Structures are given as C-alpha cells and as structure tokens.
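First comes the structure, then the notes that go with it.
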Amino acid sequence: LKEVTTTQDLGVFHRGVHSSVNIYEGAAVENNYSGNLAEICPVGAITDEDFRFKTRSWFLKEGESICPLCSRGCNILIEYHPGFPRFEVPKRVYRIKARENPEVNDFWVCDRGRYGYSYLDEHRADKIIMNKIEGENVLTWENISEYLGEKIKRLSSAKKTSGIALILHTWLSNEELFLLHKIFKDDLKVEKIFFADLPQGEADGYLLTSETSPNRRGAQEIGFDIKPVDLDALASGTDFLLAFGPFLSGLFSPKDLKAALNTVKRKVLFSSYTHELNSLFDIVLPVALIAEKEGSLTNVEGKVQGFQPALEPPGESLPEWKVLSDLGKELGIDSKFYSELPSPEAILIEMGKKIPFFKKKND
Ligand code: SF4
C-alpha cells in the first residue's frame with residue numbers, strides 16, 4: 001500500500017511473535033485497489049466479501065482476457081462456473097483476478113475492474129429481435145449480411161450514401177473498427193459516423209484512466225474522427241442506420257432519441273444487452289462482449305493487446321467482426337480483400353499493411 005496506492009491503510013502492530021497486520025484504530029482500507037489485498041494475502045487471512053461463501057473455487061474455471069472498463073487494458077483472469085446456466089448455479093462469472101503484465105498493470109487491477117463484472121452476465125441479449133419488419137423474411141445470422149448488403153447497395157447504387165449513418169463505440173476491437181472504417185468510410189464514403197460511449201470518469205493517478213472505454217486510442221489510430229452523436233444530423237435525411245452498443249440511451253432523453261430515430265426509415269442495432277433502447281430499432285442483433293470473442297485493443301499508451309474468448313457468448317450472440325467481414329464480401333466493392341479475412345488475426349495483419357501504427361505490432 002505504501003508503494004502502490006501510497007495510502008498506507010494497513011500497519012504491523014506489536015512485536016515479535018505477537019506482531020500482526022491490521023488497520024489503524026478507527027480507520028478502514030479505503031483505496032481504489034483494496035481488492036488486491038485479498039488476492040496477494042499469503043495466508044488467506046484477508047478474504048473477499050464479494051466472493052466468500054458464494055461458491056467453491058475448485059468449481060470454477062478461468063479464462064484470460066482484458067478488462068474493458070477503462071483504457072488501461074489491464075490483463076485479467078475471469079473465473080466462471082462452467083455449469084452455467086443451471087438452476088443451482090445462479091450466475092456465470094464469480095471473480096476477476098489480476099493477470100501479471102509488467103508493461104501494463106504489473107500484478108494489480110483496480111476495484112472497478114475487479115468488482116464491476118456484472119456487465120458480463122446481467123441483461124444479456126441472446127437472440128435476434130425483429131421489431132418492425134413487415135413483409136420481409138425472418139432474419140438469421142446466415143442471411144443477415146445479405147439483408148444489410150441489399151439495403152446498403154440500394155442506397156449506394158442510387159448515389160445516396162448520404163442516407164447511411166453509423167453510430168459506433170470504442171468497446172469495439174481494433175479489427176472491428178478497421179472493418180467499419182474500410183467498409184463505410186473508404187469503400188462507401190459515408191459521412192455520418194458518430195460515436196456513442198459512456199461519459200468520461202476520473203483518473204486515479206495509477207492505473208484507472210478517465211477514459212471509460214477500452215479502445216478510443218485504437219479508433220483514433222485507425223483514422224476515425226470521434227464525433228459525438230448529433231441527433232439533428234441523424235434526423236436529417238437518414239434512410240439507413242447501423243448502430244452499435246447500448247450507450248446511446250444514456251446520452252439523450254428518451255423523447256428526443258425516439259423522435260430522431262423515428263425519422264430514420266430502417267435502423268439496425270448491434271447490442272449485447274436487452275434494453276429499452278432496443279424497442280426503437282427495427283432489428284436488434286445480439287453480439288459478444290470482449291471476454292467472449294477474439295481480437296485486439298489499443299490501450300491509452302498505444303499498446304496493442306490481443307485477446308481470445310474466455311467465455312462462451314450467450315445464445316445466438318456472435319462477434320461483430322464476423323458480420324462485418326461477411327458484409328464487406330456481400331457489398332462486392334472490394335470482395336477479394338474481404339474474402340481473405342477469415343479471422344481477427346488475418347484482419348490485424350491486413351491492418352498492419354495499411355496503417356503503419358499497427359504494422360509494428362505485427363513485426
Ligand atoms: S484500471 Fe481500468 S482496465 Fe485496469 S482493472 Fe481498473 S478499470 Fe479495468
């Protein structure tokens with residue numbers, strides 16, 4: 001505590017065989033890294049209330065991932081119950097622990113990253129929702145890229161790509177943002193591209209950054225101008241909207257959001273969550289979280305870190321990169337390019353050829 005948080009919440013009291021580690025009288029351990037105490041306590045005397053008596057640690061499996069709750073990109077282990085869903089197993093993820101990486105987070109994670117894991121399991125979307133489609137075929141993942149491609153091609157061939165809008169966020173991986181930039185900015189020359197993310201928080205001077213999403217730096221390096229959502233611009237002449245993530249709802253009043261979205265003829269949302277926002281879209285596609293897919297993220301210091309799935313995505317959820325890669329092929333503008341991208345690893349190699357920043361990460 002003296003070296004890491006500089007708070008010195010604990011002390012060694014008494015002498016010799018009577019010495020003990022304890023808090024100061026009337027004080028408490030109050031710092032943003034308190035959970036690390038239970039993780040490093042060598043004798044198991046300090047335990048974690050969040051985990052204690054909830055399950056047996058030997059029932060759990062662990063998977064490696066990256067914490068997405070700020071732009072530090074701490075390396076983590078996710079401990080989960082492999083038997084979930086089952087009625088006697090009330091949740092899937094039980095504990096987050098630090099994974100050592102001297103270049104990023106050393107041995108530590110902050111308490112937000114350690115205890116804020118409910119986003120992995122709560123209110124998860126697990127099937128495709130079609131809200132307002134009349135006279136169209138039932139959509140599945142097999143025909144979704146054909147459906148999206150057909151809508152986009154119709155606008156593109158009528159030279160009306162000004163009628164296409166995108167709302168993105170920076171929880172998307174480098175590979176997904178690269179595909180979005182290639183398809184919509186480079187190939188289709190779409191102008192209305194906005195970003196809807198969580199508002200900035202407060203940095204703590206150690207690991208936690210003020211940026212509350214994991215890949216803003218990646219989006220910038222890929223070439224996006226990160227513009228906030230402009231509802232007036234969205235409501236003016238947009239025929240087709242592709243939106244990603246649940247964050248839009250926190251940025252505007254429901255009334256304003258509904259009024260703007262009602263002016264858009266066809267709108268599709270990629271989201272990992274069931275949320276009121278979903279009812280404002282014609283189609284909602286369930287997508288995997290970072291812990292459930294493969295890809296890479298660029299942290300605040302420009303370090304590109306790869307990740308693999310630690311958990312299974314729920315129900316019908318798929319990673320966005322898969323749909324985008326299929327959509328790129330479907331649009332037929334640069335089909336050869338997209339047909340050679342069967343995995344995030346292959347996409348990152350292509351990124352390295354086009355963007356020098358990512359080249360050095362592949363060398
Ligand atoms: S510092 Fe950021 S990335 Fe690291 S554990 Fe905390 S919230 Fe997660």
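Chain lettering (A, B, ...) mirrors the order of the structure tokens, residue numbering begins at 1 for each chain separately, and ligand numbering begins at 1 in order of display.
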- Message: Excluding segment 250-266 of chain A and its own-chain neighbours fewer than 6 positions away, which residues fall within 7 Å of it when counting only C-alpha atoms? Please give them as a PyMOL selection string.
- Response: chain A and resi 231+234-235+238-241+280+282
Please save C-alpha atoms of the selected residues as a PDB file, in the first residue's frame.
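Here's the written file result01.pdb:
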ATOM      1  CA  LEU A 231     -29.437  13.942 -33.338  1.00  0.00           C
ATOM      2  CA  LEU A 234     -29.107  11.948 -37.760  1.00  0.00           C
ATOM      3  CA  ALA A 235     -32.709  13.021 -38.251  1.00  0.00           C
ATOM      4  CA  THR A 238     -31.045   9.254 -42.916  1.00  0.00           C
ATOM      5  CA  ASP A 239     -32.592   6.203 -44.567  1.00  0.00           C
ATOM      6  CA  PHE A 240     -30.470   3.507 -43.019  1.00  0.00           C
ATOM      7  CA  LEU A 241     -28.817   3.483 -39.599  1.00  0.00           C
ATOM      8  CA  LEU A 280     -36.609   1.862 -31.018  1.00  0.00           C
ATOM      9  CA  ASP A 282     -36.294  -2.480 -36.341  1.00  0.00           C
TER      10      ASP A 282
END
- Message: 7 Å from ligand 1 is the threshold here; counting only C-alpha atoms and all ligand atoms, which polymer residues fall inside it? Answer as a VMD selection string.
- Response: chain A and resid 67 to 74 105 109 to 114 207 to 209
- Extract the full set of strand (DSSP E) residues from segment 229-298 of chain A according to DSSP on the backbone, and format it as a ChimeraX atom specification. /A:240-244,266-271,283-286,295-298
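Within the 12 Å cut-off around Glu312 of chain A, using only C-alpha atoms and omitting residues fewer than 4 positions from it on the same chain, the listed residues are Gly63, Tyr80, His81, Pro82, Gly83, Phe84, Pro85, Arg92, Val93, Leu120, Asp121, Asp126, Val287, Ala288, Leu289, Ile290, Ala291, Glu292, Lys293, Glu294, Gln308, Glu316, Ser317, Leu318 and Pro319 of chain A.
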- Item | Near-Arg154 of chain A list (12 Å; only C-alpha atoms; drop same-chain fewer than 4 positions) as number ranges by chain | A: 147-150, 158-161, 163-164, 239-240, 331
- With a distance cut-off of 12 Å and only C-alpha atoms, select the neighbouring residues of Ser343 of chain A, excluding the residue or stretch itself and same-chain residues fewer than 2 positions from it, and output the selection as a PyMOL selection string. chain A and resi 175-176+179+293-296+308+319-326+338-341+345-350
Those selected residues, please, written with N, CA, C and O atoms and delivered as a short mmCIF file (atom, residue, chain, number, x, y, z; two decimals), in the first residue's frame.
data_model
loop_
_atom_site.label_atom_id
_atom_site.label_comp_id
_atom_site.auth_asym_id
_atom_site.auth_seq_id
_atom_site.Cartn_x
_atom_site.Cartn_y
_atom_site.Cartn_z
N GLU A 175 -9.93 -4.68 -34.86
CA GLU A 175 -10.28 -5.34 -36.12
C GLU A 175 -11.67 -4.93 -36.56
O GLU A 175 -11.91 -4.71 -37.76
N GLU A 176 -12.60 -4.82 -35.60
CA GLU A 176 -13.98 -4.43 -35.95
C GLU A 176 -14.02 -2.97 -36.41
O GLU A 176 -14.68 -2.64 -37.40
N LEU A 179 -12.62 -2.77 -39.94
CA LEU A 179 -13.58 -3.19 -40.96
C LEU A 179 -14.65 -2.13 -41.17
O LEU A 179 -15.05 -1.84 -42.30
N LYS A 293 -14.96 -12.98 -27.28
CA LYS A 293 -14.55 -13.03 -28.68
C LYS A 293 -13.03 -12.85 -28.79
O LYS A 293 -12.34 -12.67 -27.78
N GLU A 294 -12.57 -12.89 -30.03
CA GLU A 294 -11.14 -12.75 -30.31
C GLU A 294 -10.90 -11.38 -30.94
O GLU A 294 -11.76 -10.85 -31.64
N GLY A 295 -9.73 -10.81 -30.71
CA GLY A 295 -9.41 -9.53 -31.34
C GLY A 295 -8.26 -8.86 -30.62
O GLY A 295 -7.46 -9.53 -29.95
N SER A 296 -8.18 -7.54 -30.77
CA SER A 296 -7.16 -6.79 -30.05
C SER A 296 -7.70 -5.41 -29.69
O SER A 296 -8.65 -4.93 -30.31
N GLN A 308 -8.35 -13.52 -26.52
CA GLN A 308 -9.06 -14.70 -27.01
C GLN A 308 -10.33 -14.87 -26.19
O GLN A 308 -10.43 -14.32 -25.09
N PRO A 319 -19.67 -12.40 -32.66
CA PRO A 319 -18.83 -11.19 -32.66
C PRO A 319 -19.11 -10.32 -33.88
O PRO A 319 -19.39 -10.84 -34.97
N GLU A 320 -18.99 -9.02 -33.72
CA GLU A 320 -19.29 -8.08 -34.81
C GLU A 320 -18.36 -8.28 -36.00
O GLU A 320 -18.76 -8.08 -37.14
N TRP A 321 -17.07 -8.64 -35.75
CA TRP A 321 -16.13 -8.74 -36.86
C TRP A 321 -16.59 -9.75 -37.90
O TRP A 321 -16.38 -9.58 -39.09
N LYS A 322 -17.29 -10.80 -37.43
CA LYS A 322 -17.75 -11.86 -38.35
C LYS A 322 -18.80 -11.29 -39.31
O LYS A 322 -18.74 -11.50 -40.52
N VAL A 323 -19.76 -10.56 -38.74
CA VAL A 323 -20.83 -9.99 -39.57
C VAL A 323 -20.25 -8.95 -40.54
O VAL A 323 -20.64 -8.87 -41.70
N LEU A 324 -19.31 -8.15 -40.04
CA LEU A 324 -18.74 -7.08 -40.88
C LEU A 324 -17.90 -7.67 -42.01
O LEU A 324 -17.93 -7.15 -43.13
N SER A 325 -17.18 -8.72 -41.73
CA SER A 325 -16.38 -9.36 -42.77
C SER A 325 -17.32 -9.93 -43.86
O SER A 325 -17.07 -9.76 -45.06
N ASP A 326 -18.43 -10.56 -43.44
CA ASP A 326 -19.40 -11.08 -44.41
C ASP A 326 -20.06 -9.93 -45.18
O ASP A 326 -20.31 -10.04 -46.38
N TYR A 338 -11.98 -8.72 -48.64
CA TYR A 338 -12.76 -9.27 -47.52
C TYR A 338 -12.74 -10.80 -47.51
O TYR A 338 -12.86 -11.42 -46.45
N SER A 339 -12.56 -11.42 -48.68
CA SER A 339 -12.59 -12.89 -48.70
C SER A 339 -11.32 -13.48 -48.09
O SER A 339 -11.24 -14.66 -47.79
N GLU A 340 -10.31 -12.62 -47.89
CA GLU A 340 -9.07 -13.11 -47.29
C GLU A 340 -8.98 -12.79 -45.80
O GLU A 340 -7.90 -12.72 -45.23
N LEU A 341 -10.11 -12.52 -45.18
CA LEU A 341 -10.12 -12.14 -43.76
C LEU A 341 -10.95 -13.12 -42.93
O LEU A 341 -12.02 -12.77 -42.44
N GLU A 345 -7.08 -12.35 -36.50
CA GLU A 345 -5.62 -12.37 -36.70
C GLU A 345 -5.29 -11.93 -38.13
O GLU A 345 -4.39 -11.12 -38.35
N ALA A 346 -6.05 -12.47 -39.11
CA ALA A 346 -5.82 -12.09 -40.51
C ALA A 346 -6.15 -10.61 -40.72
O ALA A 346 -5.47 -9.92 -41.49
N ILE A 347 -7.17 -10.12 -40.04
CA ILE A 347 -7.55 -8.69 -40.18
C ILE A 347 -6.43 -7.81 -39.63
O ILE A 347 -6.05 -6.81 -40.24
N LEU A 348 -5.85 -8.21 -38.49
CA LEU A 348 -4.77 -7.40 -37.89
C LEU A 348 -3.55 -7.36 -38.82
O LEU A 348 -2.88 -6.32 -38.93
N ILE A 349 -3.29 -8.45 -39.51
CA ILE A 349 -2.16 -8.46 -40.46
C ILE A 349 -2.45 -7.47 -41.60
O ILE A 349 -1.60 -6.68 -41.99
N GLU A 350 -3.70 -7.47 -42.10
CA GLU A 350 -4.06 -6.51 -43.16
C GLU A 350 -3.96 -5.08 -42.65
O GLU A 350 -3.55 -4.17 -43.37
#
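Using only C-alpha atoms, the smallest distance between any of A:Asn137, A:Ala38, A:Ala219, A:Ile129 and Ala98 of chain A comes from A:Ala38.
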- In terms of the shortest atom-to-atom distance over only C-alpha atoms, which of A:Tyr206, A:Trp141, A:Trp108, A:Phe358 is closest to Leu37 of chain A?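 Answer, going by the shortest atom-to-atom distance: A:Trp108.
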- Could you work out how far atom CA of Gly328 of chain A lies from atom CA of Lys185 of chain A, giving the answer in Å with one decimal? 12.2 Å
- Taking the DSSP assignment computed from this structure's backbone, write out as a PyMOL selection string all residues of segment 284-337 of chain A that belong to helix (DSSP H, G or I). chain A and resi 290-292+320-331+335-337
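For the atom pair formed by atom CA of Arg95 of chain A and atom CA of Arg216 of chain A, the distance is 26.3 Å, given to one decimal.
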- Fewer than 2 positions away in the same chain doesn't count, so skip those; otherwise give me all residues within 10 Å of Phe184 of chain A, counting only C-alpha atoms, as a ChimeraX atom specification. /A:152,161,164-166,179-182,186-193,328
- Pick out the closest residue to Leu177 of chain A from this set: A:Gln305, A:Asn215, A:Asn75, A:Ser249. Count only C-alpha atoms. A:Asn215
- Message: To one decimal place in Å, what is the distance between atom CA of Asp197 of chain A and atom CA of Gly315 of chain A?
- Response: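 Calculated distance between atom CA of Asp197 of chain A and atom CA of Gly315 of chain A is 25.1 Å.
Compared by their closest atoms to Arg217 of chain A, and using only C-alpha atoms, the residues A:Val300, A:Ala45, A:Ala27, A:Leu327 rank with A:Val300 nearest.
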- Query: Within 8 Å of segment 198-204 of chain A, counting only C-alpha atoms, which residues qualify if same-chain residues fewer than 5 places away don't, as a list in words?
  - Reply: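 Close residues of segment 198-204 of chain A: Asn32, Thr209, Ser210, Glu211, Thr212, Ser213, Phe247 and Gly250 of chain A.
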- Note on the structure: Counting only C-alpha atoms, closest pick from A:Leu1, A:Ile78, A:Phe59, A:Phe53 relative to Asn31 of chain A is A:Leu1
- Message: Which residue is closest to Pro313 of chain A? Choose from A:Ala125, A:Val268, A:Leu168, A:Ile226 and count only C-alpha atoms.
- Response: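 Of all the options, A:Ala125 lies closest to Pro313 of chain A.
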